[in-house]
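Q: Structure file start.csv (CSV, C-alpha atoms) is given on the next line.
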chain,number,residue,atom,x,y,z
A,1194,MET,CA,16.3,-16.5,-1.4
A,1195,ARG,CA,13.5,-14.7,-3.2
A,1196,ALA,CA,13.2,-11.2,-1.8
A,1197,ALA,CA,11.6,-7.9,-2.7
A,1198,VAL,CA,14.0,-5.2,-3.9
A,1199,LEU,CA,13.0,-1.6,-4.4
A,1200,TYR,CA,14.6,0.1,-7.4
A,1201,GLY,CA,12.5,3.3,-7.6
A,1202,ALA,CA,9.0,4.7,-7.8
A,1203,GLU,CA,6.5,1.9,-8.3
A,1204,ASP,CA,9.4,-0.4,-9.2
A,1205,VAL,CA,9.7,-3.3,-6.8
A,1206,ARG,CA,11.1,-6.6,-8.0
A,1207,MET,CA,11.1,-10.1,-6.6
A,1208,GLU,CA,14.7,-11.2,-7.1
A,1209,ASP,CA,17.0,-14.0,-6.1
A,1210,VAL,CA,19.5,-12.6,-3.6
A,1211,PRO,CA,22.0,-14.3,-1.3
A,1212,ILE,CA,20.9,-15.4,2.1
A,1213,PRO,CA,22.8,-13.1,4.5
A,1214,VAL,CA,25.5,-14.4,6.8
A,1215,PRO,CA,25.5,-12.9,10.3
A,1216,GLY,CA,28.7,-11.1,11.3
A,1217,ARG,CA,29.9,-10.1,14.7
A,1218,GLY,CA,27.0,-9.3,17.0
A,1219,GLU,CA,24.4,-10.0,14.3
A,1220,VAL,CA,21.7,-12.6,14.0
A,1221,LEU,CA,19.9,-14.1,11.0
A,1222,ALA,CA,16.2,-14.7,11.4
A,1223,ARG,CA,13.6,-16.6,9.4
A,1224,VAL,CA,10.7,-14.2,8.6
A,1225,ASP,CA,7.6,-16.1,9.8
A,1226,VAL,CA,5.2,-13.2,9.1
A,1227,ALA,CA,5.6,-9.7,7.7
A,1228,SER,CA,3.2,-6.8,7.7
A,1229,ILE,CA,2.7,-4.2,5.1
A,1230,ASP,CA,1.7,-0.7,6.1
A,1231,PHE,CA,1.0,2.8,4.6
A,1232,THR,CA,4.6,3.7,5.0
A,1233,ASP,CA,5.6,0.9,2.7
A,1234,ARG,CA,3.0,2.2,0.2
A,1235,LYS,CA,4.4,5.7,0.4
A,1236,VAL,CA,7.9,4.5,-0.1
A,1237,TYR,CA,6.8,2.4,-3.0
A,1238,LEU,CA,5.1,5.3,-4.7
A,1239,ARG,CA,8.0,7.8,-4.0
A,1240,GLY,CA,10.7,5.3,-4.8
A,1241,HIS,CA,12.9,6.5,-1.9
A,1242,HIS,CA,13.0,7.0,1.9
A,1243,PRO,CA,15.8,7.9,4.3
A,1244,MET,CA,15.7,4.3,5.7
A,1245,ILE,CA,16.4,2.6,2.4
A,1246,LYS,CA,19.4,2.8,0.1
A,1247,ILE,CA,18.1,2.3,-3.4
A,1248,PRO,CA,18.2,-0.3,-4.8
A,1249,GLY,CA,17.5,-2.0,-1.5
A,1250,LEU,CA,15.7,-4.7,0.3
A,1251,PHE,CA,12.1,-3.7,1.1
A,1252,GLY,CA,9.8,-4.1,4.2
A,1253,HIS,CA,10.3,-3.3,7.8
A,1254,GLU,CA,7.7,-5.0,10.0
A,1255,TRP,CA,8.3,-8.7,10.8
A,1256,ALA,CA,8.3,-11.4,13.4
A,1257,GLY,CA,10.2,-14.7,13.1
A,1258,THR,CA,12.7,-17.2,14.4
A,1259,ILE,CA,16.5,-17.0,14.8
A,1260,VAL,CA,18.3,-19.5,12.6
A,1261,GLU,CA,21.9,-18.3,13.0
A,1262,VAL,CA,23.8,-16.3,15.5
A,1263,GLY,CA,27.0,-14.3,14.7
A,1264,PRO,CA,30.1,-14.2,16.9
A,1265,GLY,CA,29.6,-12.2,20.1
A,1266,ALA,CA,25.8,-12.6,20.2
A,1267,GLU,CA,25.7,-16.1,21.6
A,1268,ALA,CA,25.4,-15.1,25.2
A,1269,ARG,CA,21.9,-13.9,24.8
A,1270,TRP,CA,20.6,-15.3,21.4
A,1271,ARG,CA,20.5,-18.8,20.0
A,1272,PRO,CA,18.8,-20.6,17.0
A,1273,GLY,CA,15.2,-21.4,17.6
A,1274,GLN,CA,14.3,-18.3,19.6
A,1275,ARG,CA,11.2,-16.6,18.4
A,1276,VAL,CA,11.7,-12.9,18.1
A,1277,VAL,CA,10.4,-9.5,16.9
A,1278,ALA,CA,12.5,-6.5,16.1
A,1279,ALA,CA,12.0,-2.8,15.5
A,1280,ASN,CA,13.2,-1.3,12.2
A,1281,SER,CA,15.9,0.9,13.6
A,1282,ALA,CA,18.3,1.5,16.5
A,1283,PRO,CA,19.8,4.8,17.9
A,1284,CYS,CA,23.2,5.3,19.5
A,1285,LEU,CA,24.2,2.6,22.0
A,1286,PRO,CA,24.4,4.0,25.5
A,1287,GLU,CA,28.0,2.8,26.1
A,1288,GLU,CA,29.2,4.5,22.9
A,1289,ARG,CA,29.7,8.2,22.1
A,1290,LEU,CA,26.2,9.6,21.9
A,1291,CYS,CA,25.1,12.0,19.2
A,1292,ARG,CA,23.8,15.4,20.2
A,1293,GLN,CA,20.1,14.4,19.9
A,1294,CYS,CA,20.6,11.3,22.0
A,1295,ARG,CA,22.5,13.4,24.6
A,1296,ARG,CA,19.5,15.7,24.7
A,1297,GLY,CA,17.1,12.8,25.3
A,1298,ARG,CA,15.6,13.1,21.8
A,1299,VAL,CA,16.4,9.5,20.9
A,1300,SER,CA,13.9,9.3,18.0
A,1301,MET,CA,15.9,12.1,16.4
A,1302,CYS,CA,19.2,10.2,16.6
A,1303,GLU,CA,21.7,11.6,14.1
A,1304,ASN,CA,23.3,8.2,13.8
A,1305,ILE,CA,20.1,6.1,13.6
A,1306,GLN,CA,20.6,2.8,11.9
A,1307,TYR,CA,17.6,1.6,9.9
A,1308,ASN,CA,17.0,-2.0,8.9
A,1309,ASN,CA,14.9,-3.3,6.0
A,1310,GLY,CA,14.4,-6.7,4.3
A,1311,ALA,CA,11.2,-8.0,5.9
A,1312,PHE,CA,9.7,-9.0,2.5
A,1313,ALA,CA,12.0,-12.0,2.2
A,1314,PRO,CA,12.3,-15.5,3.8
A,1315,TYR,CA,15.2,-14.3,6.0
A,1316,ILE,CA,16.4,-11.0,7.4
A,1317,LEU,CA,19.7,-10.0,8.9
A,1318,VAL,CA,19.5,-8.0,12.1
A,1319,PRO,CA,22.4,-5.6,12.6
A,1320,SER,CA,24.4,-5.8,15.8
A,1321,ARG,CA,23.3,-2.4,17.2
A,1322,LEU,CA,19.7,-3.4,16.7
A,1323,VAL,CA,20.3,-6.8,18.2
A,1324,ARG,CA,21.6,-5.1,21.3
A,1325,ILE,CA,18.6,-2.8,22.0
A,1326,ASN,CA,15.6,-3.4,19.8
A,1327,LEU,CA,15.4,-7.2,19.4
A,1328,HIS,CA,13.0,-9.0,21.7
A,1329,GLU,CA,12.2,-12.6,22.4
A,1330,ILE,CA,8.6,-13.8,22.1
A,1331,PRO,CA,7.1,-16.5,24.3
A,1332,ALA,CA,6.4,-19.8,22.6
A,1333,ASP,CA,2.6,-19.5,23.1
A,1334,VAL,CA,2.3,-16.0,21.5
A,1335,PRO,CA,1.4,-16.1,17.8
A,1336,ALA,CA,3.7,-14.2,15.5
A,1337,GLU,CA,0.8,-12.3,14.1
A,1338,ARG,CA,0.1,-10.7,17.5
A,1339,VAL,CA,3.6,-9.1,17.7
A,1340,VAL,CA,4.3,-8.3,14.1
A,1341,LEU,CA,2.7,-4.8,14.6
A,1342,THR,CA,5.3,-3.9,17.3
A,1343,GLU,CA,6.9,-1.1,15.3
A,1344,PRO,CA,3.7,0.9,14.5
A,1345,LEU,CA,2.3,0.4,18.1
A,1346,ALA,CA,5.7,1.7,19.4
A,1347,CYS,CA,5.3,4.9,17.3
A,1348,VAL,CA,1.8,5.5,18.9
A,1349,ILE,CA,3.1,4.8,22.4
A,1350,HIS,CA,5.9,7.2,21.8
A,1351,ALA,CA,3.4,9.9,20.7
A,1352,VAL,CA,0.9,9.4,23.5
A,1353,ARG,CA,3.7,9.6,26.0
A,1354,ARG,CA,4.7,13.0,24.7
A,1355,VAL,CA,1.4,14.7,24.0
A,1356,PRO,CA,0.1,16.8,26.9
A,1357,ILE,CA,-3.5,15.6,27.6
A,1358,HIS,CA,-5.8,16.5,30.4
A,1359,GLN,CA,-8.5,14.1,31.7
A,1360,LEU,CA,-11.2,16.6,30.7
A,1361,ASP,CA,-9.9,17.1,27.1
A,1362,THR,CA,-11.5,16.0,23.9
A,1363,VAL,CA,-9.2,14.3,21.5
A,1364,VAL,CA,-10.0,14.1,17.8
A,1365,ILE,CA,-8.2,11.6,15.6
A,1366,LEU,CA,-8.3,12.1,11.8
A,1367,GLY,CA,-8.0,8.7,10.1
A,1368,VAL,CA,-9.1,5.3,11.3
A,1369,GLY,CA,-6.4,3.1,9.7
A,1370,PRO,CA,-4.3,0.9,12.0
A,1371,MET,CA,-2.4,3.8,13.4
A,1372,GLY,CA,-5.6,5.7,14.2
A,1373,LEU,CA,-7.0,2.6,15.9
A,1374,PHE,CA,-3.8,2.2,17.9
A,1375,TRP,CA,-4.3,5.8,19.1
A,1376,VAL,CA,-7.8,5.0,20.2
A,1377,ASN,CA,-6.7,1.9,22.1
A,1378,THR,CA,-3.7,3.5,23.7
A,1379,LEU,CA,-5.5,6.6,24.8
A,1380,ARG,CA,-8.4,4.7,26.2
A,1381,ARG,CA,-6.2,2.4,28.3
A,1382,ARG,CA,-4.0,5.3,29.5
A,1383,TYR,CA,-6.7,7.8,30.4
A,1384,GLY,CA,-9.7,5.6,31.2
A,1385,PRO,CA,-13.4,5.9,30.2
A,1386,ASP,CA,-13.8,9.6,30.8
A,1387,LEU,CA,-11.5,11.0,28.1
A,1388,ALA,CA,-13.6,12.0,25.1
A,1389,ILE,CA,-12.1,10.4,21.9
A,1390,VAL,CA,-13.6,11.2,18.5
A,1391,SER,CA,-12.6,9.4,15.3
A,1392,LEU,CA,-13.1,11.1,11.9
A,1393,ASP,CA,-12.9,9.0,8.7
A,1394,HIS,CA,-14.6,8.6,5.4
A,1395,GLN,CA,-15.4,4.8,5.7
A,1396,ASP,CA,-18.1,3.5,8.0
A,1397,ASP,CA,-16.6,0.0,8.3
A,1398,ARG,CA,-13.5,1.5,9.8
A,1399,LEU,CA,-15.4,3.7,12.1
A,1400,ALA,CA,-17.3,0.6,13.3
A,1401,VAL,CA,-13.9,-0.9,14.3
A,1402,ALA,CA,-13.0,2.3,16.1
A,1403,LYS,CA,-16.3,2.1,18.1
A,1404,SER,CA,-15.6,-1.4,19.1
A,1405,MET,CA,-12.2,-0.3,20.3
A,1406,GLY,CA,-13.5,2.4,22.6
A,1407,VAL,CA,-13.9,5.6,20.7
A,1408,SER,CA,-16.6,7.9,22.1
A,1409,HIS,CA,-17.8,9.0,18.7
A,1410,GLY,CA,-17.1,7.7,15.2
A,1411,LEU,CA,-18.0,10.3,12.6
A,1412,ASN,CA,-18.1,10.0,8.9
A,1413,SER,CA,-16.6,13.3,7.6
A,1414,SER,CA,-16.7,12.5,3.9
A,1415,GLY,CA,-19.1,15.4,3.4
A,1416,GLY,CA,-16.5,17.9,4.6
A,1417,ASN,CA,-18.6,19.0,7.5
A,1418,ALA,CA,-16.2,18.0,10.4
A,1419,ARG,CA,-16.9,21.1,12.5
A,1420,GLU,CA,-20.7,20.6,12.3
A,1421,LEU,CA,-20.4,16.9,13.1
A,1422,LEU,CA,-18.3,17.7,16.1
A,1423,ARG,CA,-20.7,20.3,17.3
A,1424,ALA,CA,-23.6,17.9,17.1
A,1425,ALA,CA,-21.6,15.1,18.8
A,1426,ILE,CA,-19.8,17.0,21.6
A,1427,GLY,CA,-21.5,20.4,21.7
A,1428,ARG,CA,-18.5,22.3,20.3
A,1429,PRO,CA,-16.9,22.5,16.8
A,1430,ASP,CA,-13.3,22.0,17.9
A,1431,ALA,CA,-11.1,19.9,20.2
A,1432,ASP,CA,-8.3,20.2,22.7
A,1433,VAL,CA,-6.0,17.8,20.9
A,1434,VAL,CA,-6.3,16.9,17.2
A,1435,VAL,CA,-4.2,14.0,15.8
A,1436,GLU,CA,-3.5,13.9,12.1
A,1437,SER,CA,-3.0,10.2,11.4
A,1438,VAL,CA,-3.6,10.3,7.6
A,1439,GLY,CA,-0.4,11.6,6.3
A,1440,SER,CA,-1.6,14.2,3.8
A,1441,LEU,CA,-1.4,18.0,3.5
A,1442,GLU,CA,-5.2,18.2,3.2
A,1443,ALA,CA,-5.7,16.3,6.4
A,1444,HIS,CA,-3.3,18.6,8.2
A,1445,ARG,CA,-5.3,21.6,7.0
A,1446,GLU,CA,-8.5,20.0,8.3
A,1447,ALA,CA,-6.9,19.0,11.6
A,1448,LEU,CA,-5.5,22.5,12.2
A,1449,GLY,CA,-9.0,23.9,11.6
A,1450,LEU,CA,-10.4,21.7,14.3
A,1451,VAL,CA,-8.0,22.7,17.0
A,1452,GLY,CA,-9.6,24.8,19.7
A,1453,ARG,CA,-8.3,27.6,22.0
A,1454,GLY,CA,-5.3,26.4,23.9
A,1455,GLY,CA,-5.2,23.2,21.9
A,1456,THR,CA,-2.6,21.1,20.1
A,1457,LEU,CA,-2.3,19.7,16.6
A,1458,VAL,CA,-0.3,16.5,16.6
A,1459,SER,CA,1.4,16.0,13.3
A,1460,PHE,CA,1.7,12.3,13.3
A,1461,GLY,CA,1.1,11.1,9.8
A,1462,GLY,CA,4.2,11.4,7.6
A,1463,VAL,CA,4.1,13.9,4.7
A,1464,ALA,CA,6.7,14.2,2.0
A,1465,PRO,CA,9.1,17.2,2.5
A,1466,GLY,CA,8.4,20.3,0.6
A,1467,GLN,CA,4.6,20.5,1.3
A,1468,ILE,CA,3.6,23.7,3.0
A,1469,LEU,CA,0.9,24.1,5.7
A,1470,PRO,CA,-0.4,27.7,5.9
A,1471,VAL,CA,-0.7,28.8,9.6
A,1472,ASP,CA,-2.5,31.9,10.9
A,1473,ILE,CA,0.3,33.2,13.2
A,1474,GLY,CA,-2.1,35.6,14.9
A,1475,ARG,CA,-4.5,32.9,15.9
A,1476,MET,CA,-1.7,30.6,16.9
A,1477,HIS,CA,-0.3,33.4,19.2
A,1478,TYR,CA,-3.5,34.7,20.8
A,1479,GLU,CA,-5.2,31.3,21.2
A,1480,GLU,CA,-1.9,29.5,22.1
A,1481,ILE,CA,-2.3,26.9,19.4
A,1482,SER,CA,0.5,24.4,19.5
A,1483,ILE,CA,1.8,22.2,16.7
A,1484,LEU,CA,3.6,19.1,17.9
A,1485,PRO,CA,5.2,16.9,15.2
A,1486,ILE,CA,6.1,13.4,16.4
A,1487,TYR,CA,8.2,10.9,14.5
A,1488,HIS,CA,9.2,7.3,15.0
A,1489,HIS,CA,9.9,5.6,18.4
A,1490,THR,CA,12.6,4.9,21.0
A,1491,PRO,CA,13.8,1.5,22.4
A,1492,ALA,CA,11.8,2.1,25.6
A,1493,ASP,CA,8.6,2.5,23.4
A,1494,VAL,CA,9.5,-0.7,21.4
A,1495,ALA,CA,9.9,-2.7,24.6
A,1496,GLU,CA,6.6,-1.4,26.0
A,1497,ALA,CA,4.8,-2.2,22.7
A,1498,VAL,CA,6.2,-5.8,22.9
A,1499,ARG,CA,5.0,-6.1,26.5
A,1500,GLN,CA,1.5,-4.9,25.6
A,1501,LEU,CA,1.2,-7.1,22.6
A,1502,VAL,CA,2.5,-10.2,24.4
A,1503,THR,CA,0.1,-9.7,27.3
A,1504,GLY,CA,-2.9,-9.3,24.9
A,1505,GLN,CA,-3.8,-5.7,25.8
A,1506,VAL,CA,-4.2,-4.7,22.1
A,1507,PRO,CA,-6.8,-6.4,20.0
A,1508,VAL,CA,-4.6,-6.8,16.9
A,1509,GLU,CA,-7.0,-9.5,15.5
A,1510,ARG,CA,-9.4,-6.7,14.6
A,1511,LEU,CA,-6.7,-5.0,12.5
A,1512,ILE,CA,-5.5,-7.9,10.5
A,1513,THR,CA,-8.0,-8.1,7.6
A,1514,ALA,CA,-6.0,-9.9,4.9
A,1515,ARG,CA,-3.3,-12.6,4.5
A,1516,LEU,CA,-1.3,-13.1,1.3
A,1517,ALA,CA,1.8,-14.8,0.1
A,1518,LEU,CA,4.8,-12.6,-0.3
A,1519,SER,CA,4.7,-13.2,-4.0
A,1520,GLU,CA,1.5,-11.1,-4.0
A,1521,LEU,CA,3.3,-8.0,-2.7
A,1522,ARG,CA,2.1,-5.8,-5.5
A,1523,ARG,CA,-1.5,-6.8,-4.8
A,1524,ALA,CA,-1.0,-6.0,-1.2
A,1525,LEU,CA,0.5,-2.6,-1.9
A,1526,GLN,CA,-2.6,-1.8,-4.1
A,1527,MET,CA,-4.9,-2.9,-1.3
A,1528,VAL,CA,-3.3,-0.5,1.0
A,1529,GLY,CA,-3.8,2.3,-1.5
A,1530,ASP,CA,-7.4,1.4,-2.1
A,1531,ARG,CA,-8.1,1.1,1.7
A,1532,THR,CA,-9.8,-2.2,1.2
A,1533,THR,CA,-7.9,-3.7,4.1
A,1534,LEU,CA,-6.7,-2.4,7.5
A,1535,ARG,CA,-3.5,-4.5,7.8
A,1536,THR,CA,-2.3,-7.2,5.5
A,1537,ILE,CA,0.0,-10.0,6.6
A,1538,LEU,CA,2.5,-11.5,4.2
A,1539,THR,CA,3.9,-14.9,4.5
A,1540,PRO,CA,7.3,-15.5,2.7
A,1541,GLU,CA,7.8,-18.7,0.7
A,1542,GLN,CA,10.6,-20.5,2.5
Represent the structure contained in this file as C-alpha cells.

A:
Amino acid sequence: MRAAVLYGAEDVRMEDVPIPVPGRGEVLARVDVASIDFTDRKVYLRGHHPMIKIPGLFGHEWAGTIVEVGPGAEARWRPGQRVVAANSAPCLPEERLCRQCRRGRVSMCENIQYNNGAFAPYILVPSRLVRINLHEIPADVPAERVVLTEPLACVIHAVRRVPIHQLDTVVILGVGPMGLFWVNTLRRRYGPDLAIVSLDHQDDRLAVAKSMGVSHGLNSSGGNARELLRAAIGRPDADVVVESVGSLEAHREALGLVGRGGTLVSFGGVAPGQILPVDIGRMHYEEISILPIYHHTPADVAEAVRQLVTGQVPVERLITARLALSELRRALQMVGDRTTLRTILTPEQ
C-alpha cells in the first residue's frame, strides 16, 4: 500500500509499505477517511513526537471499516464493521496498572501505547487499543462525522476537569477546530448563561464561533485583548482563560487575561524547553491557577463517539477542505497557512 512515512523535520514520503497482518487481538481496518490537524503539522515541522518512532507511519485521526480480524478478537469484531478509534490506549484494567493509572491519571499513563498510520489505505489497530478505544459506528452515520473523535475527546477531557462556575466568564484563545470544540462543549454543558468569549485574528473563524454559540467573538489581531474584553464584558480579564493555540506567545497573552481567583488552562501543546515567565507574587495573592491538560481517557473517547454519532456536534462546520491522500504536503501547508479549519484526506485504495 502507498502510505505516508515520516523521516524527520519536513521530511514525509509517500512510500510502498506492506499491508499489515493482524496478530492476536488486533484488527486491520480500511481507512475510509483521515483527518489532518495542527498536531500533525507540528510533528511534521519538528520531525519527532513521543507517539512516533522515526521513521514511522504518519497520521492519527481516522474512521474506516474492518477488513481482517486477528485471533482472539473474533468475539466482538468482524470484517465489515464500521469503526473509529482513538490514537492511544493506557494500561488495561485487568493488567498491572502503572502508578499514574492507579492514581486515576489515565491520560498520564506511563505505559501508554500510541498508534499511527492513518495516512494510508489500511491501518493496524493494536490489541490493547482494540480492547478499550475502538468503537463501532452505525451504518447510517457518515465516517466524516466521527473522524474527529480524538480531538473532541481531548476537549471533553479538559472541560470535565476545569472548575467552572455558572457565573464565570471563559475566554478561549484560538478559534481553530479545538477552540470551536471548546465553545460547543462548554455551551452544551453549562447552558446559555455562561459567558464564553473567543479571541482570534481571523474574522471568518470568529464567525463560525458565533454560529456555534460563543457570547462574543473578538478579533485581537491589534494586540488589544484586554481593551476588547473590557468593551465586551465590562472587565479586562476572565475567570477561566483557555490557551488553545499552542504557542509561547499565546500562553503569555492568556496569562495576562486571567483575573483574580482565575485559572489559565494550558491546552495547546508547546514544544518542551520554552519558558513562561510567571509573577509568583500575583499568582499567590490573587490565587491564580495554571492547569495543564493533555490528551484523553477511554471514557472521554467513548463520550466523544456518543456525541458525534447522535449529532450533538456540528462537525460539518469544521470540515472545510477535502483532498486525496497524495496531496498530504498541500494539506500540511494549508494547516500552517490557516486557510482551512479541518481537512479530510481520502486514501487511494

Q: Neighbouring residues of Gly1449 in chain A were defined as those with any atom within 12 Å, considering all atoms listed in the file; residues of the same chain fewer than 2 positions away were excluded. Please report them as a PyMOL selection string.

A: chain A and resi 1364+1366+1416-1419+1429-1436+1442-1447+1451-1453+1455-1457+1469-1472+1475-1476+1481

Q: Which residue is closest to Met1244 in chain A? Choose from A:Ala1514, A:Tyr1307, A:Asp1209, A:Met1301 and count only C-alpha atoms.

A: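 Checking each candidate against Met1244 in chain A, we get A:Tyr1307 as the closest.
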
Q: Report, in Å to a single decimal, how far apart CA of Ile1349 in chain A and CA of Ala1497 in chain A are.

A: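 For CA of Ala1497 in chain A relative to CA of Ile1349 in chain A, the distance reads 7.2 Å.
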
Q: Given the choices A:Ala1311, A:Ile1486, A:Val1407, A:Val1260, which gets closest to Ser1459 in chain A if the distance is worked out from all atoms listed in the file?

A: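 Going through A:Ala1311, A:Ile1486, A:Val1407, A:Val1260 one by one, the smallest distance to Ser1459 in chain A is for A:Ile1486.
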
Q: Between A:Gln1505, A:Asn1412, A:Ser1281, A:Thr1362, which is the closest to Asp1397 in chain A once you count all atoms listed in the file?

A: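 Between A:Gln1505, A:Asn1412, A:Ser1281, A:Thr1362, the residue approaching Asp1397 in chain A most closely is A:Asn1412.
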
Q: So how far away is CA of Gln1274 in chain A from CA of Asn1377 in chain A, in Å?

A: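 That distance, rounded to one decimal, is 29.2 Å.
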
Q: For Val1276 in chain A, find every residue with an atom within 10 Å (counting only C-alpha atoms), except residues of its own chain fewer than 3 positions away, and show them as a list in words.

A: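 The residues that qualify are Ala1222, Arg1223, Val1224, Asp1225, Trp1255, Ala1256, Gly1257, Thr1258, Ile1259, Trp1270, Gly1273, Leu1327, His1328, Glu1329, Ile1330, Pro1331, Ala1332, Ala1336, Val1339 and Val1340 of chain A.
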
Q: Suppose we keep C-alpha atoms; can you now write the selection as a CSV table (one decimal), keeping the file's coordinate frame?

A:
chain,number,residue,atom,x,y,z
A,1222,ALA,CA,16.2,-14.7,11.4
A,1223,ARG,CA,13.6,-16.6,9.4
A,1224,VAL,CA,10.7,-14.2,8.6
A,1225,ASP,CA,7.6,-16.1,9.8
A,1255,TRP,CA,8.3,-8.7,10.8
A,1256,ALA,CA,8.3,-11.4,13.4
A,1257,GLY,CA,10.2,-14.7,13.1
A,1258,THR,CA,12.7,-17.2,14.4
A,1259,ILE,CA,16.5,-17.0,14.8
A,1270,TRP,CA,20.6,-15.3,21.4
A,1273,GLY,CA,15.2,-21.4,17.6
A,1327,LEU,CA,15.4,-7.2,19.4
A,1328,HIS,CA,13.0,-9.0,21.7
A,1329,GLU,CA,12.2,-12.6,22.4
A,1330,ILE,CA,8.6,-13.8,22.1
A,1331,PRO,CA,7.1,-16.5,24.3
A,1332,ALA,CA,6.4,-19.8,22.6
A,1336,ALA,CA,3.7,-14.2,15.5
A,1339,VAL,CA,3.6,-9.1,17.7
A,1340,VAL,CA,4.3,-8.3,14.1

Q: For Leu1534 in chain A, list every protein, DNA or RNA residue within 7 Å, evaluated using only C-alpha atoms, and leave out those in the same chain fewer than 6 positions away; present the list as a list in words.

A: Gly1369, Pro1370, Leu1511, Ile1512 and Thr1513 of chain A

Q: Put those residues in a file: C-alpha atoms, as a PDB file, in the frame of the given file.

A:
ATOM      1  CA  GLY A1369      -6.400   3.100   9.700  1.00  0.00           C
ATOM      2  CA  PRO A1370      -4.300   0.900  12.000  1.00  0.00           C
ATOM      3  CA  LEU A1511      -6.700  -5.000  12.500  1.00  0.00           C
ATOM      4  CA  ILE A1512      -5.500  -7.900  10.500  1.00  0.00           C
ATOM      5  CA  THR A1513      -8.000  -8.100   7.600  1.00  0.00           C
TER       6      THR A1513
END
